[in-house]
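See structure below.
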Amino acid sequence: MSDSIMSKAATMEIPINSNGDTGTLAEDDSLEQDLQQVMVSGPNLNETSIVSGGYGGPAGGIIPTSSIKDIRMKSRGVNLPKSQSAAGHLAQHSGPSHHSTHSPPEDASRGVAVEKLDTVKKWGINTYKCTKQMFSERFGRGSRTVDLELEAQIDLLRDTKSKYELILRLASALTTHFLNMVQTQQALGDTFTDLSQKSPELQDEFGYNAETQKLLCKNGESLLGAINFFVSSVDTLVNKTMEDTLMTIRHYENARLEFDAYRSDLEELSLGPRDAAAVARIEMAQQEYQIHRDKYERLRSDVTIKLKFLEENKVKVMHKQLLLFHNAISAYFAGNQQQLEQTLIQFNVKLKPPGSDKPSWLEEQ
């Protein structure tokens with residue numbers, strides 16, 4: 001019974017006439033006094049609500065009490081401030097906005113991310129195809145494109161480079177050992193000169209030996225200049241000119257591997273079914289095959305041209321350097337100082353003054 005009474009009390013409606021008046025004035029005053037007592041002893045009316053339609057009704061039947069207070073104030077002819085009259089509507093319509101817009105910087109960063117993702121995807125596909133082709137060639141299951149004449153020239157270049165590197169190492173070792181000998185001769189000549197001044201009875205003998213060692217030291221410095229020039233020229237030929245050609249050859253070999261990988265892929269697709277999807281894949285594979293074929297042909301032409309110019313440059317440089325090395329060595333060990341000096345002038349070899357390799361006193365500070 002108590003439940004039915006509470007249900008009826010909860011479902012009681014407040015009669016409102018057409019002019020907005022709610023009952024009589026006496027009832028209105030008594031209702032206002034009761035509400036004031038509740039506001040003092042109870043919770044804030046702005047935070048409570050009246051449920052219309054009984055317990056368990058839908059959420060749409062919840063009426064904020066602030067709206068009832070606004071209706072009563074309007075029925076008395078009281079104008080509410082805009083901030084108070086809009087409070088109820090603002091509370092009903094306010095809420096988190098689910099609409100988001102993308103700014104141009106976000107779109108630009110998203111475009112960059114998509115572009116990087118596509119690049120990584122293409123790189124992964126290309127790496128997979130080339131690795132598959134490389135293992136197929138290594139185990140004898142795949143075919144490869146071979147240019148016999150060009151491959152022979154490349155093998156010859158690599159063999160020549162390894163032998164020239166051996167010449168470079170031996171010539172550098174000869175320079176180091178000969179420099180030690182020249183320094184020893186210089187020290188020995190200085191010692192003979194000092195003893196010739198302190199030993200009157202052996203002054204002539206020490207003097208002859210001192211002059212001989214100084215002459216050998218001078219000729220040794222000339223020979224060192226010629227050998228250093230030889231080493232520098234061979235080093236430029238081996239580590240710059242030949243290395244540049246070998247770098248182009250490595251690019252050519254990578255292009256050849258990519259070309260064979262896409263060629264094998266096209267051949268496999270051509271042997272398969274010819275439905276619409278397969279035809280589209282074949283056309284795309286044909287385009288990739290043509291791109292890598294053009295790249296392969298271009299690099300093969302570059303390698304052929306560089307090998308030709310390298311051979312001409314190698315013959316020209318080594319002809320000059322070998323003649324310099326021979327004439328300088330022969331003149332030195334023959335004791336022909338004049339011939340040694342003429343050899344340096346002929347090949348435009350400039351000797352560095354003693355101590356030029358050492359840093360100046362300003363650089364040491």
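Ordering of the structure tokens sets the chain letters (A, B, ...), residue numbers begin anew at 1 in every chain, and ligands are numbered from 1 in the order given.
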Considering only C-alpha atoms, return as a list in words whatever protein or nucleic-acid residues lie within 8 Å of segment 236-249 of chain A, sequence-local ones (same chain, fewer than 3 positions apart) excluded.
->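 Returned residues: Ile154, Lys161, Tyr164, Glu165, Ser232, Ser233, Tyr252, Glu253, Leu299, Asp302, Val303, Lys306, Leu307, Leu310 and Lys314 of chain A.
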Residues within 12 Å of Lys352 of chain A, only C-alpha atoms, excluding chain neighbours under 5 positions, as a ChimeraX atom specification = /A:221-226,228-229,357-358
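One distance worth recording is that between atom CA of Arg256 of chain A and atom CA of Lys132 of chain A, which is 13.8 Å.
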Using only C-alpha atoms, the shortest atom-to-atom distance to Asn126 of chain A among A:Glu258, A:Asp147, A:Asp235, A:Glu106 belongs to A:Glu258
Take atom CA of Arg293 of chain A and atom CA of Gly140 of chain A and report the distance between them in Å, one decimal.
->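 Distance between the two atoms: 22.4 Å.
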Residue neighbourhood Ala328 of chain A, 10 Å, only C-alpha atoms, exclusion window fewer than 4 positions, as a ChimeraX atom specification = /A:219,222-227,322-324,332-334,336-337,339-344
Could the residues in this selection be saved with C-alpha atoms as a compact mmCIF listing (two decimals), in the first residue's frame?
```
# COMPACT_ATOMS: atom_id res chain seq x y z
CA ASN A 219 121.22 11.84 -53.45
CA SER A 222 116.42 13.07 -54.35
CA LEU A 223 115.64 9.38 -54.75
CA LEU A 224 113.10 9.57 -51.93
CA GLY A 225 111.37 12.42 -53.75
CA ALA A 226 111.15 10.31 -56.92
CA ILE A 227 109.84 7.23 -55.05
CA LEU A 322 107.73 3.31 -64.35
CA LEU A 323 110.20 5.30 -66.44
CA LEU A 324 110.72 7.71 -63.54
CA TYR A 332 121.29 6.77 -57.62
CA PHE A 333 123.04 3.41 -57.39
CA ALA A 334 125.36 4.35 -60.27
CA ASN A 336 125.42 9.68 -61.14
CA GLN A 337 124.21 12.74 -59.30
CA GLN A 339 121.60 12.12 -64.13
CA LEU A 340 119.47 11.88 -60.97
CA GLU A 341 118.86 15.63 -60.92
CA GLN A 342 117.97 15.64 -64.62
CA THR A 343 115.48 12.83 -64.02
CA LEU A 344 113.72 14.87 -61.34
```
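Atom pair atom CA of Glu205 of chain A / atom CA of Gly220 of chain A: separated by 22.5 Å.
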So, counting only C-alpha atoms, which residue among A:Val231, A:Thr184, A:Leu156, A:Glu115 is closest to Arg169 of chain A?
-> A:Val231
Pick from A:Gly207, A:Gly142, A:Gly335, A:Gly111 nearest to Leu195 of chain A, counting only C-alpha atoms =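 That would be A:Gly207, the residue with the smallest distance to Leu195 of chain A.
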